[in-house]
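Undergrad: Hey, dropping entry-v5.cif in here, mmCIF, C-alpha atoms:
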data_model
loop_
_atom_site.label_atom_id
_atom_site.label_comp_id
_atom_site.auth_asym_id
_atom_site.auth_seq_id
_atom_site.Cartn_x
_atom_site.Cartn_y
_atom_site.Cartn_z
CA MET A 6 -10.84 -24.68 -3.29
CA SER A 7 -8.87 -25.02 -6.51
CA SER A 8 -5.09 -24.93 -6.52
CA THR A 9 -5.22 -21.58 -8.30
CA GLU A 10 -7.45 -20.08 -5.62
CA LYS A 11 -5.22 -21.48 -2.91
CA PHE A 12 -2.16 -20.03 -4.57
CA THR A 13 -3.88 -16.67 -4.92
CA GLU A 14 -4.86 -16.71 -1.27
CA GLU A 15 -1.31 -17.49 -0.25
CA LEU A 16 -0.06 -14.76 -2.51
CA THR A 17 -2.59 -12.33 -1.11
CA GLY A 18 -1.57 -13.26 2.41
CA ILE A 19 2.00 -12.33 1.62
CA GLN A 20 0.92 -9.15 -0.02
CA SER A 21 -1.08 -7.94 2.95
CA ALA A 22 2.16 -7.50 4.89
CA ASP A 23 3.83 -5.99 1.84
CA ILE A 24 0.95 -3.59 1.32
CA GLU A 25 1.14 -2.30 4.88
CA ALA A 26 4.89 -1.88 4.51
CA ALA A 27 4.48 0.03 1.26
CA LEU A 28 1.84 2.29 2.79
CA ASP A 29 3.85 3.04 5.91
CA PRO A 30 7.44 3.25 4.69
CA ALA A 31 10.38 4.47 6.70
CA GLU A 32 12.05 7.55 5.31
CA ALA A 33 14.56 6.68 2.63
CA ASP A 34 18.21 7.29 3.40
CA GLY A 35 19.41 10.62 2.14
CA ILE A 36 21.92 10.84 -0.67
CA TYR A 37 23.58 14.20 -0.93
CA ARG A 38 24.52 15.95 -4.10
CA ASP A 39 27.93 16.02 -5.64
CA SER A 40 29.51 19.21 -6.93
CA ARG A 41 28.33 18.56 -10.50
CA GLU A 42 24.71 18.52 -9.37
CA CYS A 43 25.28 21.64 -7.29
CA ALA A 44 26.38 23.32 -10.48
CA ALA A 45 23.27 22.05 -12.22
CA LEU A 46 21.18 23.59 -9.46
CA ALA A 47 22.93 26.89 -9.88
CA LEU A 48 22.21 26.88 -13.59
CA PHE A 49 18.68 25.59 -13.32
CA LYS A 50 16.72 28.64 -14.44
CA GLY A 51 18.36 30.59 -11.63
CA GLY A 52 15.08 30.46 -9.75
CA PHE A 53 15.65 27.86 -7.12
CA GLY A 54 17.97 29.86 -4.94
CA LEU A 55 16.84 28.47 -1.63
CA LEU A 56 18.48 25.14 -2.33
CA LEU A 57 21.80 26.81 -2.86
CA SER A 58 21.88 28.43 0.53
CA PRO A 59 24.50 26.90 2.80
CA PRO A 60 23.35 24.08 5.04
CA THR A 61 22.33 24.94 8.54
CA PRO A 62 25.20 24.49 11.01
CA ARG A 63 25.35 21.27 12.92
CA PRO A 64 24.48 21.65 16.60
CA LYS A 65 27.52 21.80 18.86
CA LYS A 66 28.07 18.90 21.17
CA GLY A 67 28.06 19.44 24.90
CA MET B 28 14.34 5.00 -4.77
CA LYS B 29 13.18 1.65 -3.44
CA GLN B 30 11.12 1.35 -0.34
CA SER B 31 12.34 -1.09 2.21
CA GLY B 32 10.12 -3.98 3.26
CA THR B 33 8.17 -4.05 0.01
CA SER B 34 8.38 -6.99 -2.34
CA PRO B 35 10.00 -6.25 -5.71
CA LEU B 36 7.01 -7.84 -7.42
CA LEU B 37 4.62 -5.43 -5.75
CA GLN B 38 6.92 -2.46 -6.32
CA GLY B 39 6.98 -3.24 -10.02
CA ALA B 40 3.20 -3.57 -10.19
CA VAL B 41 2.74 -0.24 -8.39
CA GLN B 42 5.16 1.46 -10.77
CA ASP B 43 3.33 0.01 -13.78
CA LEU B 44 0.05 1.27 -12.41
CA ALA B 45 1.55 4.70 -11.72
CA SER B 46 2.79 4.80 -15.33
CA GLY B 47 -0.76 4.17 -16.49
CA VAL B 48 -2.03 7.02 -14.33
CA VAL B 49 0.64 9.36 -15.69
CA SER B 50 -0.32 8.42 -19.26
CA ALA B 51 -3.96 9.08 -18.53
CA LEU B 52 -3.13 12.44 -16.94
CA ARG B 53 -1.02 13.33 -19.97
CA SER B 54 -3.63 12.34 -22.52
CA GLY B 55 -6.40 14.03 -20.57
CA ASP B 56 -8.72 11.24 -21.55
CA HIS B 57 -8.66 8.14 -19.41
CA ALA B 58 -10.92 6.31 -21.84
CA ARG B 59 -7.97 6.10 -24.21
CA ALA B 60 -5.49 5.23 -21.52
CA ALA B 61 -7.22 3.45 -18.67
CA ALA B 62 -5.04 3.70 -15.61
CA VAL B 63 -6.45 0.88 -13.54
CA PRO B 64 -6.23 -2.53 -15.23
CA ALA B 65 -9.44 -4.39 -15.85
CA ALA B 66 -10.29 -7.17 -13.42
CA ALA B 67 -8.18 -10.27 -13.82
CA ASP B 68 -8.17 -13.57 -12.03
CA GLY B 69 -5.42 -15.51 -10.32
CA GLU B 70 -1.95 -14.29 -9.52
CA ALA B 71 -1.98 -11.35 -11.93
CA GLY B 72 -5.34 -10.19 -10.62
CA GLY B 73 -4.20 -10.43 -6.99
CA LEU B 74 -1.08 -8.46 -7.73
CA ALA B 75 -2.96 -5.79 -9.68
CA LEU B 76 -5.43 -5.46 -6.85
CA ALA B 77 -2.62 -5.04 -4.33
CA ALA B 78 -1.01 -2.41 -6.55
CA VAL B 79 -4.27 -0.44 -6.65
CA ARG B 80 -4.44 -0.57 -2.85
CA VAL B 81 -0.86 0.73 -2.54
CA LEU B 82 -1.34 3.55 -5.05
CA GLY B 83 -4.57 4.31 -3.22
CA ALA B 84 -6.88 7.10 -4.29
CA ASP B 85 -4.33 8.17 -6.91
CA ALA B 86 -5.28 5.09 -8.94
CA LEU B 87 -8.35 7.09 -10.00
CA LEU B 88 -6.59 10.46 -10.07
CA PRO B 89 -7.40 11.13 -13.77
CA SER B 90 -11.11 10.93 -12.96
CA THR B 91 -10.64 13.12 -9.90
CA LEU B 92 -8.56 15.86 -11.52
CA LEU B 93 -10.00 15.82 -15.02
CA HIS B 94 -13.60 15.26 -13.96
CA THR B 95 -14.08 12.35 -16.29
CA PRO B 96 -16.15 9.44 -15.00
CA PRO B 97 -14.09 6.29 -14.42
CA LEU B 98 -14.68 3.29 -16.60
CA PRO B 99 -16.91 0.65 -14.97
CA ASP B 100 -14.04 -1.86 -14.94
CA GLU B 101 -11.69 0.64 -13.28
CA LEU B 102 -14.27 1.39 -10.64
CA ALA B 103 -14.92 -2.30 -10.01
CA VAL B 104 -11.22 -3.06 -9.46
CA PHE B 105 -10.83 -0.01 -7.25
CA ARG B 106 -13.85 -1.03 -5.16
CA LYS B 107 -12.54 -4.57 -4.85
CA ALA B 108 -9.17 -3.29 -3.65
CA VAL B 109 -10.92 -1.19 -0.98
CA GLU B 110 -12.93 -4.17 0.18
CA THR B 111 -10.11 -6.71 0.01
CA TYR B 112 -7.47 -4.72 1.88
CA PRO B 113 -8.96 -2.88 4.86
CA PRO B 114 -6.41 -1.68 7.44
CA GLY B 115 -5.36 -4.49 9.72
CA ALA B 116 -5.46 -4.33 13.49
CA GLY B 117 -2.72 -2.01 14.66
CA ALA B 118 -2.13 -0.56 11.20
CA GLY B 119 -0.23 2.70 11.10
CA PRO B 120 -2.04 6.01 10.55
CA THR B 121 -0.88 6.30 6.94
CA VAL B 122 -2.40 2.89 6.17
CA VAL B 123 -5.68 3.91 7.81
CA TRP B 124 -5.78 7.31 6.10
CA SER B 125 -4.91 5.82 2.73
CA HIS B 126 -7.87 3.47 3.01
CA TRP B 127 -10.12 6.33 4.10
CA ALA B 128 -9.01 8.34 1.04
CA MET B 129 -9.94 5.44 -1.23
CA ARG B 130 -13.37 5.13 0.35
CA ARG B 131 -13.93 8.84 -0.03
CA THR B 132 -12.92 8.65 -3.69
CA LEU B 133 -15.30 5.76 -4.19
CA ARG B 134 -18.16 7.69 -2.61
CA ARG B 135 -17.47 10.68 -4.85
CA LEU B 136 -17.13 8.74 -8.09
CA ASP B 137 -19.71 6.08 -7.33
CA PRO B 138 -22.37 7.79 -5.19
CA GLY B 139 -24.50 4.66 -5.21
CA HIS B 140 -21.84 2.82 -3.27
CA ALA B 141 -22.56 2.86 0.46
CA ASP B 142 -19.96 1.43 2.81
CA GLY B 143 -20.79 2.77 6.22
CA PRO B 144 -20.05 6.03 8.02
CA ASP B 145 -17.52 8.55 6.70
CA GLU B 146 -15.73 9.18 9.97
CA GLU B 147 -12.23 10.55 9.60
CA PRO B 148 -9.35 8.82 11.35
CA ASP B 149 -7.62 11.04 13.87
CA THR B 150 -4.60 13.23 13.19
CA ALA B 151 -3.11 13.13 16.66
CA TRP B 152 0.08 11.58 15.35
CA LEU B 153 0.77 14.71 13.28
CA GLU B 154 0.25 17.18 16.11
CA GLY B 155 3.50 18.69 17.31
CA THR B 156 5.58 16.43 15.14
CA THR B 157 8.86 17.65 13.68
CA TRP B 158 8.78 19.33 10.26
CA GLN B 159 10.91 16.50 8.88
CA LEU B 160 8.49 13.79 9.98
CA LEU B 161 5.49 15.92 8.99
CA THR B 162 6.85 16.23 5.46
CA HIS B 163 7.61 12.53 5.25
CA GLN B 164 4.11 11.58 6.37
CA LEU B 165 2.45 14.12 4.09
CA ALA B 166 4.45 12.83 1.13
CA VAL B 167 3.33 9.28 1.90
CA LEU B 168 -0.25 10.59 1.99
CA ALA B 169 0.07 12.82 -1.08
CA ALA B 170 -3.04 11.18 -2.56
CA LEU B 171 -4.98 13.28 -0.06
CA ALA B 172 -3.67 16.47 -1.68
CA VAL B 173 -6.65 17.01 -3.93
CA PRO B 174 -8.13 20.44 -4.72
CA GLY B 175 -11.31 21.23 -2.89
CA GLU B 176 -11.13 18.19 -0.62
CA ASP B 177 -11.00 18.93 3.06
CA CYS B 178 -9.78 16.46 5.66
CA GLY B 179 -7.82 16.39 8.89
CA VAL B 180 -4.48 15.75 7.20
CA ALA B 181 -5.04 18.64 4.78
CA ARG B 182 -5.89 20.92 7.69
CA ALA B 183 -2.74 19.85 9.53
CA ALA B 184 -0.69 20.61 6.42
CA GLY B 185 -2.46 23.95 5.99
CA GLN B 186 -1.37 25.03 9.45
CA ARG B 187 2.33 24.50 8.67
CA PRO B 188 3.11 25.68 5.12
CA VAL B 189 6.57 26.91 6.05
CA ASP B 190 7.45 23.57 7.63
CA VAL B 191 6.31 21.72 4.52
CA ALA B 192 8.38 24.11 2.40
CA ARG B 193 11.42 23.35 4.58
CA GLY B 194 10.69 19.67 4.20
CA PHE B 195 10.49 20.05 0.43
CA VAL B 196 13.91 21.67 0.32
CA ARG B 197 15.34 19.04 2.64
CA ALA B 198 13.96 16.25 0.46
CA VAL B 199 15.54 17.76 -2.65
CA ARG B 200 18.86 18.13 -0.89
CA ARG B 201 18.65 14.49 0.21
CA ARG B 202 17.69 13.48 -3.34
CA ASP B 203 14.56 11.86 -2.00
CA TRP B 204 12.59 12.61 -5.14
CA ARG B 205 9.43 10.80 -4.06
CA GLN B 206 9.23 12.79 -0.86
CA ALA B 207 10.08 16.02 -2.68
CA ALA B 208 7.40 15.40 -5.31
CA GLY B 209 4.78 14.54 -2.69
CA ALA B 210 5.64 17.60 -0.59
CA GLY B 211 5.61 19.75 -3.73
CA ARG B 212 2.13 18.50 -4.55
CA TRP B 213 0.92 19.52 -1.09
CA LEU B 214 2.57 22.93 -1.41
CA THR B 215 0.56 23.72 -4.55
CA LEU B 216 -2.55 23.54 -2.37
CA LEU B 217 -1.31 25.44 0.67
CA GLU B 218 -1.55 29.13 1.39
CA GLY B 219 1.35 30.96 2.97
CA VAL B 220 4.14 29.15 1.12
CA PRO B 221 7.20 31.44 1.02
CA PRO B 222 7.58 32.82 -2.51
CA THR B 223 11.35 32.53 -2.11
CA LEU B 224 10.92 28.76 -2.27
CA GLY B 225 10.70 28.82 -6.06
CA LEU B 226 8.22 25.94 -6.09
CA GLU B 227 7.64 26.02 -9.84
CA ASN B 228 11.32 25.64 -10.64
CA GLY B 229 11.74 23.24 -7.76
CA LEU B 230 9.12 20.91 -9.22
CA ASP B 231 10.81 21.16 -12.62
CA PHE B 232 14.07 20.14 -10.99
CA VAL B 233 12.48 17.23 -9.16
CA GLU B 234 11.01 16.02 -12.44
CA LEU B 235 14.33 16.41 -14.19
CA MET B 236 16.21 14.43 -11.57
CA GLY B 237 13.61 11.89 -10.49
CA GLY B 238 11.02 11.87 -13.24
CA GLN B 239 12.09 8.48 -14.57
CA ASP B 240 10.32 7.07 -11.50
CA PRO B 241 6.59 6.97 -12.38
CA LEU B 242 5.68 7.61 -8.74
CA VAL B 243 7.62 10.88 -8.88
CA GLU B 244 6.19 11.82 -12.25
CA LEU B 245 2.66 11.17 -11.02
CA GLN B 246 3.07 13.60 -8.11
CA VAL B 247 4.70 16.30 -10.23
CA ARG B 248 1.99 16.02 -12.87
CA ALA B 249 -0.73 16.15 -10.21
CA ALA B 250 0.92 19.24 -8.75
CA ARG B 251 1.03 20.93 -12.15
CA LEU B 252 -2.60 20.13 -12.93
CA THR B 253 -3.55 21.51 -9.54
CA ARG B 254 -1.47 24.63 -10.02
CA THR B 255 -2.76 25.43 -13.48
CA GLY B 256 -6.34 24.82 -12.42
CA ALA B 257 -6.85 22.16 -15.08
CA PHE B 258 -8.99 20.28 -12.62
CA VAL B 259 -11.69 22.95 -12.72
#
Output the file's structure in the form of structure tokens.
TA:
Amino acid sequence: MSSTEKFTEELTGIQSADIEAALDPAEADGIYRDSRECAALALFKGGFGLLLSPPTPRPKKG
Amino acid sequence: MKQSGTSPLLQGAVQDLASGVVSALRSGDHARAAAVPAAADGEAGGLALAAVRVLGADALLPSTLLHTPPLPDELAVFRKAVETYPPGAGAGPTVVWSHWAMRRTLRRLDPGHADGPDEEPDTAWLEGTTWQLLTHQLAVLAALAVPGEDCGVARAAGQRPVDVARGFVRAVRRRDWRQAAGAGRWLTLLEGVPPTLGLENGLDFVELMGGQDPLVELQVRAARLTRTGAFV
């Protein structure tokens, strides 16, 4: 086995774990909009009203 | 948005590949803008192959949606990726389904290629799951959202259009553009999506906010081609 082949195999070995991680990712953390983007939503063709509805209330504790 | 646990090198290669697919979808002629790189040896070849495996069936999306036969080199690299990276023991359902989708694509575009039985993986993990998790998983498996292609995941999505619509809205509110774009692509195929969703404008907004990411752009473009019937 040439050094290039060996290097490729090592690289491929690393990538197998990376590939599985990329294909089964955890959900990304949410980043919520700031007021400027809310305004952009309001102006955006006026046809995406559902996003502007108020968020659902948080469940009460206890 | 970066995905955790994935090497930056691989992420970059997947994004480059997705850019190629977007270009091919834009041009409408993959012969002028081949999405999948021709076979290469060594480190670059290994990385390109891994990128094809991660992008999955979408690596040949221009051929699927535009009904243009893939170039022989594209097909060879795609086939090699399928053969080189089968799901490992204990792989998650999205890994298994992604590989199944690639094999199905290969069978459709290269009928001479025989690689064993076409048994679907199971969809038990999607049954009774929350609408948030359902949307996340569907977005990861957006390559399965292809017009006229039936499979267990598509049937599971078809049974819960309202939940997927809720998930789409949630993803936009969380600024998870990849998830929003993937869910939006599914919604273009589903019946019973609430018209109040405003999917058309929603997809425009996702593209506006997240379209600089080729993986987002790919999903939005696929959704539009599906919606306009350009695949026919």
Undergrad: Given the PyMOL selection byres ((chain B and resi 125) around 12) and the file above, list the residues it selects as a PyMOL selection string.
TA: (chain A and resi 24-25+27-29) or (chain B and resi 79-86+108-109+112-114+118-124+126-132+147-148+164-172+180)
Undergrad: Give as a PyMOL selection string the residues that the PyMOL selection byres ((chain B and resi 248) around 12) matches when applied to the coordinates above.
TA: chain B and resi 45-46+48-55+85+88-89+92+208-209+211-212+215+227+230-231+233-234+238+241-247+249-255+257-258
Undergrad: Please write the residues picked by the PyMOL selection byres ((chain B and resi 161) around 10) on this file as a list in words.
TA: Trp152, Leu153, Glu154, Gly155, Thr156, Thr157, Trp158, Gln159, Leu160, Thr162, His163, Gln164, Leu165, Ala166, Val167, Ala183, Ala184, Arg187, Asp190, Val191, Gly194 and Ala210 of chain B
Undergrad: What does the distance between atom CA of His140 of chain B and atom CA of Arg106 of chain B come to in Å, to one decimal place?
TA: 9.1 Å
Undergrad: Expressed in Å to a single decimal, how great is the separation between atom CA of Gln42 of chain B and atom CA of Leu235 of chain B?
TA: 17.9 Å
Undergrad: Figure out the distance between atom CA of Gly35 of chain A and atom CA of Phe232 of chain B, please, to one decimal in Å.
TA: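 So the answer is 17.1 Å.
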